[in-house]
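What follows is a single structure, written as C-alpha cells, with notes after it.
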Amino acid sequence: MRRILPGTILLLIAFALFAGCGGVTGDDDTPPSSTLYDPPNYIFFNGGSETVLFRGEASDNRTGFSVEISFDGGGTFFPTDVLDAKDTTVNWSYAAAVGDILHGGTIAIRTRAVDKAGNIESPPLWSVVTATQNSTTVSDLESFFASASTVLYLSSGTGGAYGTTASGPALVNSNDLIVVGSGYGQALTADGFSAVDATPQTALATSDSAAFLFSTGADLILDNLRLVGGDVGVKAATAGSRSIAVVDCVLTGQEEWAFYAEDTGGAADDLLIALYGSMIDASAGTGTDHGGIYLGGVADYDVFDSMVKGSTLTSGVGGAVFAESGDGIIESNVFFRNAPAVWISDGAPTISYNIMDGNAATDTRGINITDDTGQPKVPEISFNDIFNNDSYGVRIQGGTAPVFFRNVVTDNQESGFIFDGSFIQTPLPDLGNSLFPNSTGFNSIFGNSYLDEGLATNDVFVVSGSSPITATITAHNNYWANANEASIKGLLIIDGQDLTCVGCPIISVFSPEGSNPNPGRP
C-alpha cells in the first residue's frame, strides 16, 4: 500500500476546493448569456460596401466564451469581436455588411453565447427589423418619421453619406428616438483633432442654409455619429420634460452651436442633458453668439469626458461651454483654443478635472463666471488645469461666490485670477478655507503674467473693479512659487484712475511657503 504524504493530501484538498469554486476544472453545465444594446426598429444601408455596427454585452460563470449574432432568426450565425475575453463579463461588437443581412424587408436579430464546455445559450430574439439596403437617400431620411421609442441604425458613410454640403436632411423627431451609427468619423482637421475610434464612420451632413441636423421635440439619444454642418448640430428648445443624450459623437462645421439646449418652460419643467465622450470642433462658428455647447436655463446637465476646440468669440456669449443657470456637472473634459473655455452665467455647477489649454489662441480665456441675479451662487471649481490661456485664467464678475480647490492656474497671459466687481454680497469668492474648512485652498497659482495697465509689478493675482473693494477675499493654503509675498498679494484695484487707493482690498494670502500640492500638473 502506497503511503500518501500529508503535503499531498493538502494539495488534493486544495485542488478539489479550487475546482468547486469556479476553477478551470470540474463540470460546467451553466450556459452563458448575451444582450444586444438598443435593438433597432430600422436599419438603413447607404452603400454596398458600408457596414452597420451592432454592440452588446455577454457574461458567463467562467472566462473564455464567444458571442455570435444572426440576422435570419437563428439560421446563420456570425462570430463577433469580443473585448476583455479574460473577464466573465465582456463587450462585443459586429460590423454587419450588406451580404450578412441577406434580404431587405423584415429580418429577425438573435444573439447567442457559447462557452468552452460547449454550453450554448438559447438565442433570444431581440428585434424584428425593417432593413433598407442600397437605397438610403436624403429623401428617405427626411421623410422618416419615428414612432415612440424607435431605434434607428445607420450604416457607415464617407463625407456625407446622408446628404452633401449642397443639400441634406434636417431630422425632426416628435417621438422618442435613438439613432445609432457605425462610428464617429476620421480626423477632422490637420492639427490632430481626431476621434479615438476613427473607422468606420457614419456622417450626417447638411447644407449651410439648414438650421439644424436634429431638432428634437421628444427624448433623443445620438450614439456614434458624425454630424457635419448646419447652423446648429442638435437643437433642443422645449418647454416639456425631455432627456437628450449625445454619446461618442463628433460635431463639426456648425456656424452657431454644435449643441443647443434651452428650457423654454421655466423652472417647473425638466430638460435633462448628457454629453459623454463626444468631440466638437467649433472653429466654423461665425455667429455673434456661438460655440460648442449652449445650455440655456437647463437645470440638470452633465458634460463629461468630451473635447471642445476652436470657438473664437469676439462678442456676444459663447465658448466651449456656455451654461446659463443650473447646477450641472462639467467634468473630465479637454477645452482647447476656446474663448472662453467655460462661461457660467447665474449658475452654480461643479467644474472639475478639466484641462483648459489656450495654446496662444487670440483672447483665449479659461473660466468666466458671472452673476447678476442678486442672489450669489456658489460654483465649486476643483482639480482643473488652467494654463497657457492668452488672456486670464479665471475671471469672476458680479455677485458670484465660487469656491476653488486644488486647481493649477499657470502661464496665463493676463493674470491667473481677475476679480471684477464690488463683492459686497455674502458669501464671497473663496480661494482659501473660510466657507468649507479643510475643503478649499491648495491651489497652485504661479507663472502668470500681469495685466498691462502700466504697472511695474508682476502680480499673479489681480483684483479689478470700478470702485474700491473693502471686502477680504481669502486665499489661504495655496502655492504661489514666489518667495516675495508682497508681489503676490494683489493689493491693486485697476480702474484706470486710482491705482494706489487707500481703500484697496486686502487679499489674505498666508505666506507662500510650502511645496506645490499639485506636482506634475500640468
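Ordering of the C-alpha cells sets the chain letters (A, B, ...), residue numbers begin anew at 1 in every chain, and ligands are numbered from 1 in the order given.
For Asp357 of chain A, the list of residues within 8 Å, based on only C-alpha atoms and with local chain neighbours fewer than 2 positions off taken out, reads Val334, Phe335, Phe336, Arg337, Ile355, Asn359, Gly366, Asp385, Ile386, Phe387, Asn388 and Asn389 of chain A.
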* **Sel. of strand (DSSP E or B) residues, segment 214-391 of chain A, as JSON, numbers by chain** => {"A": [214, 215, 216, 220, 221, 222, 223, 226, 227, 228, 232, 233, 234, 235, 236, 237, 238, 242, 243, 244, 245, 246, 247, 250, 251, 252, 257, 258, 259, 260, 261, 262, 263, 271, 272, 273, 274, 275, 276, 279, 280, 281, 290, 291, 292, 293, 294, 295, 296, 300, 301, 302, 303, 304, 307, 308, 309, 312, 318, 319, 320, 321, 322, 323, 324, 329, 330, 331, 334, 335, 336, 339, 342, 343, 344, 345, 350, 351, 352, 355, 356, 357, 367, 368, 369, 370, 371, 380, 381, 382, 385, 386, 387]}
Report as a tab-separated table: every residue of segment 222-272 of chain A with an atom at most 12 Å from segment 49-69 of chain A, its closest pair of atoms, and their distance in Å to one decimal, counting only C-alpha atoms, with rows sorted by chain and ascending residue number.
```
residue	atom	partner	partner_atom	distance
A:Asp223	CA	A:Leu53	CA	11.0
A:Asn224	CA	A:Leu53	CA	9.4
A:Leu225	CA	A:Leu53	CA	11.3
```
* For atom CA of Pro429 of chain A and atom CA of Asn412 of chain A, the interatomic separation in Å (one decimal) -> 20.1 Å
* Asked: By how many Å are atom CA of Ala320 of chain A and atom CA of Phe404 of chain A apart?
  ->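 These two atoms are separated by 20.4 Å.
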* To do: Identify, on the basis of only C-alpha atoms, every residue whose closest approach to Asp219 of chain A does not exceed 10 Å; exclude the query and any residue fewer than 6 positions from it along the same chain; express the result as a VMD selection string.
  => chain A and resid 148 to 149 173 to 178 236 241 to 245 271 to 272
Would you output that residue set with C-alpha atoms, as an mmCIF file, in the first residue's frame?
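Heads up, here's the output in out.cif:
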```cif
data_model
loop_
_atom_site.group_PDB
_atom_site.id
_atom_site.type_symbol
_atom_site.label_atom_id
_atom_site.label_comp_id
_atom_site.auth_asym_id
_atom_site.auth_seq_id
_atom_site.Cartn_x
_atom_site.Cartn_y
_atom_site.Cartn_z
ATOM 1 C CA ALA A 148 -42.384 56.111 -29.934
ATOM 2 C CA SER A 149 -39.081 54.629 -28.746
ATOM 3 C CA ASN A 173 -38.444 63.904 -34.092
ATOM 4 C CA SER A 174 -41.657 64.315 -32.163
ATOM 5 C CA ASN A 175 -41.393 60.850 -30.605
ATOM 6 C CA ASP A 176 -38.612 59.214 -28.623
ATOM 7 C CA LEU A 177 -35.742 58.253 -30.907
ATOM 8 C CA ILE A 178 -32.349 56.564 -30.607
ATOM 9 C CA ALA A 236 -33.498 71.069 -28.171
ATOM 10 C CA SER A 241 -39.840 67.179 -19.906
ATOM 11 C CA ARG A 242 -37.097 65.891 -22.202
ATOM 12 C CA SER A 243 -33.992 63.745 -21.989
ATOM 13 C CA ILE A 244 -31.282 64.419 -24.586
ATOM 14 C CA ALA A 245 -28.048 62.409 -24.790
ATOM 15 C CA LEU A 271 -34.688 69.258 -19.595
ATOM 16 C CA LEU A 272 -32.054 66.611 -18.888
#
```
* To do: With a distance cut-off of 12 Å and only C-alpha atoms, select the neighbouring residues of segment 73-81 of chain A, excluding the residue or stretch itself and same-chain residues fewer than 3 positions from it, and output the selection as a VMD selection string.
  => chain A and resid 34 36 53 to 58 65 to 70 84 to 85 90 to 97 99 to 102 106 to 114 121 to 129
What would the file look like if the residues just selected were written as a PDB file, in the first residue's frame with C-alpha atoms?
```pdb
ATOM      1  CA  SER A  34     -25.838  37.727 -24.147  1.00  0.00           C
ATOM      2  CA  LEU A  36     -27.845  43.476 -27.616  1.00  0.00           C
ATOM      3  CA  LEU A  53     -22.373  48.340 -36.156  1.00  0.00           C
ATOM      4  CA  PHE A  54     -24.031  46.146 -33.526  1.00  0.00           C
ATOM      5  CA  ARG A  55     -22.811  46.115 -29.928  1.00  0.00           C
ATOM      6  CA  GLY A  56     -23.725  44.287 -26.768  1.00  0.00           C
ATOM      7  CA  GLU A  57     -22.627  42.504 -23.617  1.00  0.00           C
ATOM      8  CA  ALA A  58     -22.311  38.867 -22.540  1.00  0.00           C
ATOM      9  CA  PHE A  65     -16.532  32.265 -24.221  1.00  0.00           C
ATOM     10  CA  SER A  66     -17.620  33.577 -27.611  1.00  0.00           C
ATOM     11  CA  VAL A  67     -20.610  35.537 -28.896  1.00  0.00           C
ATOM     12  CA  GLU A  68     -22.437  35.156 -32.231  1.00  0.00           C
ATOM     13  CA  ILE A  69     -25.143  37.145 -33.992  1.00  0.00           C
ATOM     14  CA  SER A  70     -27.786  36.129 -36.521  1.00  0.00           C
ATOM     15  CA  ASP A  84     -11.907  41.719 -22.447  1.00  0.00           C
ATOM     16  CA  ALA A  85     -12.030  37.990 -23.201  1.00  0.00           C
ATOM     17  CA  VAL A  90     -17.418  41.084 -21.883  1.00  0.00           C
ATOM     18  CA  ASN A  91     -18.392  43.629 -24.509  1.00  0.00           C
ATOM     19  CA  TRP A  92     -18.821  42.503 -28.083  1.00  0.00           C
ATOM     20  CA  SER A  93     -19.343  44.183 -31.454  1.00  0.00           C
ATOM     21  CA  TYR A  94     -20.072  43.187 -35.027  1.00  0.00           C
ATOM     22  CA  ALA A  95     -19.890  45.331 -38.181  1.00  0.00           C
ATOM     23  CA  ALA A  96     -22.549  43.799 -40.411  1.00  0.00           C
ATOM     24  CA  ALA A  97     -22.149  44.146 -44.178  1.00  0.00           C
ATOM     25  CA  GLY A  99     -24.194  40.486 -47.510  1.00  0.00           C
ATOM     26  CA  ASP A 100     -24.726  39.458 -43.894  1.00  0.00           C
ATOM     27  CA  ILE A 101     -28.285  40.732 -43.982  1.00  0.00           C
ATOM     28  CA  LEU A 102     -29.341  38.697 -46.955  1.00  0.00           C
ATOM     29  CA  THR A 106     -38.137  42.311 -42.316  1.00  0.00           C
ATOM     30  CA  ILE A 107     -35.284  40.489 -40.571  1.00  0.00           C
ATOM     31  CA  ALA A 108     -35.017  38.873 -37.138  1.00  0.00           C
ATOM     32  CA  ILE A 109     -31.931  39.514 -34.957  1.00  0.00           C
ATOM     33  CA  ARG A 110     -30.768  36.951 -32.428  1.00  0.00           C
ATOM     34  CA  THR A 111     -27.544  36.597 -30.408  1.00  0.00           C
ATOM     35  CA  ARG A 112     -26.080  33.631 -28.596  1.00  0.00           C
ATOM     36  CA  ALA A 113     -23.038  32.977 -26.400  1.00  0.00           C
ATOM     37  CA  VAL A 114     -21.056  29.709 -26.385  1.00  0.00           C
ATOM     38  CA  GLU A 121     -27.282  29.942 -24.939  1.00  0.00           C
ATOM     39  CA  SER A 122     -30.809  29.610 -26.244  1.00  0.00           C
ATOM     40  CA  PRO A 123     -30.666  32.572 -28.629  1.00  0.00           C
ATOM     41  CA  PRO A 124     -33.015  35.385 -27.573  1.00  0.00           C
ATOM     42  CA  LEU A 125     -34.931  37.303 -30.233  1.00  0.00           C
ATOM     43  CA  TRP A 126     -34.020  40.958 -29.934  1.00  0.00           C
ATOM     44  CA  SER A 127     -35.619  42.644 -32.877  1.00  0.00           C
ATOM     45  CA  VAL A 128     -37.802  42.142 -35.906  1.00  0.00           C
ATOM     46  CA  VAL A 129     -36.382  44.860 -38.092  1.00  0.00           C
TER      47      VAL A 129
END
```
* Asked: When distances are computed from only C-alpha atoms, which of A:Pro39, A:Gly399, A:Pro349, A:Gly118 shows the smallest separation from Ser382 of chain A?
  ->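 Answer, going by the shortest atom-to-atom distance: A:Pro349.
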